[in-house]
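Student: What follows is a single structure, and I will ask about it in a moment.
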Amino acid sequence: MRQATWATLARGSARLLGLALAVALALVAVVVGLALGPQHRAGAAGDPRSCTASAPSTAAGYQRMFDGLYGTWAGGDQAVSVVLPDSRTLWIFADTISGVRAPDGGYAAGWSMRHNSFVVQDGGCLHAIAGAPLPDTGTGTGTGTGTGDWYWPSSALVSRGVLTVFAMRVHRTGATRAAFAVTGTAVATYDLPRDGDPQLRSVVRLPSRNDEASVVWGAGVAQAGPWTYVYGTQAEPKAFGRRLLVARVDSARIGRVDAWRYFDGASFTDRPAAARPVIGAVGGVSTSVSVVPGPNGRVEVISKRDEVFGRTVAEWTSATPYGPFTIADADLLTAPSLVKPGELVYTAEAHPSARLADGSLLLSVCRNNLELGRLVSDSQLYRPQFSAVAPPS
């Protein structure tokens, strides 16, 4: 769960669930915003460069594959996936734990956390790339405090042999673990050597306001014809969900914000302030969304409704990438928070490139806990949780 959503959550919880829950939810920022010490550089499990296993064909198979990974990568949230030109799959995570499993099921001493990571899947094996793929200027003390800036990836696409990753820019604002704020969006591009790891080419910071009304652009992304459609989410007072807005840009000029055009409800304009929501905030999307192709050229937006306060993952459908969107009658998945003490469920991501044997769509959600102790004592908690759901219809 991201700081961009925090102001909305805090206001809503104080209003509807009382001050006690608002105080408890403040701990989310503590848990998710940790940056503990130097990276633990244990070896990656299941290096795909010597892999002979086939890719999983069920959600349970994907779960086993990730649950067995420790070392350089031992847990993370967000879980965006894109197919590379050489047919491997790149998994992109935000806050990421490194470490090994202790006999009691928790993390062994020496575990640590960084702000983003890449994991490459080749067949049925995973290779965690060491280090943070997006630059991190933080000077953490080992207790999650310090100064600096970092990035939380939110969506990605591969076009013309280049990987583009949209990420939220985050700045440390004080000495406590929860003292940080999202300050905008960046677009990172990577070269993709065949059978090698992505190589960072550039990071372009997109201009944006730094206030609660600002749009988190890059929350989702999709391509249609010559256009790349970039989706933004925006908080609204008195709503737990977020609005969804749409911009588009020629796919060859994604990093040129002056080339972006914003949908104003009727046409595309060069004025960002004219953007109008294609999905409303009440019962709306989370900070991040998945945008996937549907049948007959339709477009599907998949997201958890109302962030951590919602109970379901929903899909909205449209004949165009810019709406109008209609929510489906049936939810894709039930995914409530607080079923277990302090446990939060958030950030649903669809993975249409994963080919499941029964034709289902692979879906992941993230889990975390309000209590840091529960996170540390259960090394299987802070990992994507996979489900198979009905494909877009």
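Residues in the structure tokens are numbered from 1 in each chain, the chains being A, B, ... in the order shown, and ligands are numbered from 1 in the order shown.
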Pull the helix (DSSP H, G or I) assignments for stretch 199-356 of chain A out of DSSP run on the backbone, and list those residues as a list in words.
Tutor: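 Reading the DSSP output for stretch 199-356 of chain A, helix (DSSP H, G or I) covers Ser251, Ala252, Arg253, Val257, Asp258, Ala259, Pro272, Ala273, Ala274, Pro295, Asn296, Gly297, Glu307, Val308 and Phe309 of chain A.
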Student: Excluding same-chain residues fewer than 2 positions from A:Leu245, what lies within 9 Å of it counting only C-alpha atoms, as a list in words?
Tutor: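 Neighbouring residues, sequence-local ones excluded: Val215, Trp217, Val230, Tyr231, Gly232, Thr233, Gln234, Arg243, Ala247, Tyr262, Phe263, Asp264, Ala275, Arg276, Pro277, Val278, Ile279 and Tyr322 of chain A.
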Student: Suppose we keep N, CA and C atoms; can you now write the selection as a compact mmCIF listing (two decimals), in the first residue's frame?
Tutor:
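The resulting file, again28.txt, is reproduced below:
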# COMPACT_ATOMS: atom_id res chain seq x y z
N VAL A 215 -2.43 13.69 -9.36
CA VAL A 215 -2.70 12.42 -10.01
C VAL A 215 -1.43 11.58 -10.02
N TRP A 217 0.22 9.39 -12.04
CA TRP A 217 0.25 8.86 -13.40
C TRP A 217 1.15 7.63 -13.46
N VAL A 230 -1.67 5.88 -20.69
CA VAL A 230 -1.13 5.94 -19.34
C VAL A 230 -2.28 6.32 -18.40
N TYR A 231 -2.49 5.51 -17.38
CA TYR A 231 -3.61 5.70 -16.47
C TYR A 231 -3.11 6.30 -15.16
N GLY A 232 -3.89 7.24 -14.65
CA GLY A 232 -3.57 7.87 -13.38
C GLY A 232 -4.69 7.68 -12.38
N THR A 233 -4.34 7.63 -11.11
CA THR A 233 -5.35 7.55 -10.06
C THR A 233 -5.25 8.80 -9.19
N GLN A 234 -6.39 9.18 -8.63
CA GLN A 234 -6.47 10.44 -7.89
C GLN A 234 -7.40 10.28 -6.71
N ARG A 243 -10.27 7.96 -8.20
CA ARG A 243 -10.67 8.18 -9.57
C ARG A 243 -9.62 7.58 -10.52
N ALA A 247 -4.39 9.34 -19.99
CA ALA A 247 -3.63 10.16 -20.93
C ALA A 247 -3.12 9.23 -22.03
N TYR A 262 -4.42 14.47 -22.60
CA TYR A 262 -5.23 14.03 -21.47
C TYR A 262 -6.70 14.00 -21.87
N PHE A 263 -7.39 12.93 -21.51
CA PHE A 263 -8.79 12.77 -21.90
C PHE A 263 -9.67 13.63 -21.01
N ASP A 264 -10.43 14.53 -21.64
CA ASP A 264 -11.27 15.48 -20.88
C ASP A 264 -12.74 15.08 -20.85
N ALA A 275 -8.12 16.87 -17.46
CA ALA A 275 -8.43 15.43 -17.41
C ALA A 275 -9.63 15.18 -16.51
N ARG A 276 -10.54 14.33 -16.99
CA ARG A 276 -11.75 13.99 -16.24
C ARG A 276 -11.78 12.49 -15.99
N PRO A 277 -12.30 12.07 -14.85
CA PRO A 277 -12.26 10.65 -14.51
C PRO A 277 -13.13 9.80 -15.43
N VAL A 278 -12.61 8.62 -15.75
CA VAL A 278 -13.39 7.64 -16.52
C VAL A 278 -13.99 6.59 -15.59
N ILE A 279 -13.51 6.54 -14.34
CA ILE A 279 -14.12 5.75 -13.26
C ILE A 279 -14.12 6.64 -12.03
N TYR A 322 -10.22 4.56 -23.24
CA TYR A 322 -10.54 5.75 -22.47
C TYR A 322 -12.02 5.81 -22.07
Student: Can you tell me which residues surround stretch 168-170 of chain A at a distance of at most 10 Å, considering only C-alpha atoms, apart from same-chain residues fewer than 5 positions away, and format the answer as a PyMOL selection string?
Tutor: chain A and resi 2-4+94+115+136+148-155+180-187+205-206+216-219
Student: A:Pro352: which residues within 12 Å, counting only C-alpha atoms, same-chain residues fewer than 3 positions away excluded, as an mmCIF file with C-alpha atoms, in the first residue's frame?
Tutor:
data_model
loop_
_atom_site.group_PDB
_atom_site.id
_atom_site.type_symbol
_atom_site.label_atom_id
_atom_site.label_comp_id
_atom_site.auth_asym_id
_atom_site.auth_seq_id
_atom_site.Cartn_x
_atom_site.Cartn_y
_atom_site.Cartn_z
ATOM 1 C CA VAL A 80 3.807 -6.345 -12.051
ATOM 2 C CA SER A 81 4.730 -8.770 -14.854
ATOM 3 C CA VAL A 82 5.817 -8.124 -18.456
ATOM 4 C CA VAL A 83 7.062 -10.447 -21.197
ATOM 5 C CA THR A 89 8.920 -12.853 -17.973
ATOM 6 C CA SER A 290 -4.098 -3.555 -14.338
ATOM 7 C CA VAL A 291 -5.250 -2.783 -17.867
ATOM 8 C CA VAL A 292 -5.607 -5.901 -20.020
ATOM 9 C CA PRO A 293 -7.082 -6.692 -23.433
ATOM 10 C CA GLY A 294 -10.540 -8.227 -23.443
ATOM 11 C CA GLU A 300 -10.527 -4.375 -19.056
ATOM 12 C CA ILE A 302 -8.827 -4.679 -12.934
ATOM 13 C CA GLU A 349 -2.489 -7.218 -10.507
ATOM 14 C CA ARG A 355 -0.936 -19.308 -19.660
ATOM 15 C CA LEU A 356 -2.948 -21.387 -17.244
ATOM 16 C CA GLY A 359 -7.750 -20.785 -19.655
ATOM 17 C CA SER A 360 -8.208 -18.789 -16.444
ATOM 18 C CA LEU A 361 -6.592 -15.402 -15.815
ATOM 19 C CA LEU A 362 -3.772 -15.330 -13.259
ATOM 20 C CA LEU A 363 -4.337 -12.677 -10.593
ATOM 21 C CA SER A 364 -2.190 -11.635 -7.639
ATOM 22 C CA ALA A 388 -7.063 -18.098 -10.993
ATOM 23 C CA VAL A 389 -10.153 -16.126 -12.006
ATOM 24 C CA ALA A 390 -12.525 -16.139 -14.943
ATOM 25 C CA PRO A 391 -10.955 -14.400 -17.963
ATOM 26 C CA PRO A 392 -12.502 -11.185 -19.314
#
Student: Could you tell me how far atom CA of A:Leu163 sits from atom CA of A:Gln199, in Å to one decimal place?
Tutor: 9.3 Å
Student: Given the choices A:Ala335, A:Ala179, A:Val257, A:Ala74, which gets closest to A:Ala108 if the distance is worked out from only C-alpha atoms?
Tutor: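 Among the listed residues, the smallest separation from A:Ala108 belongs to A:Ala74.
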Student: Please list as a PyMOL selection string every residue within 6 Å of A:Ser117, counting only C-alpha atoms and excluding residues in the same chain fewer than 6 positions away.
Tutor: chain A and resi 93+132-133
Student: Taking the DSSP assignment computed from this structure's backbone, write out as number ranges by chain all residues of stretch 315-392 of chain A that belong to strand (DSSP E or B).
Tutor: A: 315-318, 326-327, 333-334, 343-351, 361-369, 385-389
Student: Can I get the residues of stretch 159-209 of chain A within 12 Å of stretch 126-130 of chain A, each with the closest pair of atoms and their distance in Å to one decimal, using only C-alpha atoms, sorted chain first then ascending number, as JSON lines?
Tutor:
{"residue": "A:Asp195", "atom": "CA", "partner": "A:His127", "partner_atom": "CA", "distance": 11.6}
{"residue": "A:Gly196", "atom": "CA", "partner": "A:Ile129", "partner_atom": "CA", "distance": 10.4}
{"residue": "A:Asp197", "atom": "CA", "partner": "A:Ile129", "partner_atom": "CA", "distance": 7.4}
{"residue": "A:Pro198", "atom": "CA", "partner": "A:Ile129", "partner_atom": "CA", "distance": 9.3}
{"residue": "A:Gln199", "atom": "CA", "partner": "A:Ile129", "partner_atom": "CA", "distance": 11.1}
Student: Please measure the separation of atom CA of A:Arg64 and atom CA of A:Asp95, giving the value in Å to one decimal.
Tutor: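 Distance reported for this atom pair: 20.7 Å.
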Student: If you count only C-alpha atoms, which residues fall within 6 Å of A:Tyr107, apart from same-chain ones fewer than 3 positions away, as a tab-separated table (two decimals) with C-alpha atoms, in the first residue's frame?
Tutor:
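Below is the file that was written, around_9.tsv:
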chain	number	residue	atom	x	y	z
A	100	VAL	CA	16.66	-16.56	4.33
A	101	ARG	CA	14.06	-18.60	6.13
A	102	ALA	CA	14.72	-19.46	9.78
A	376	VAL	CA	9.12	-10.82	10.44
A	379	SER	CA	8.45	-15.31	5.81
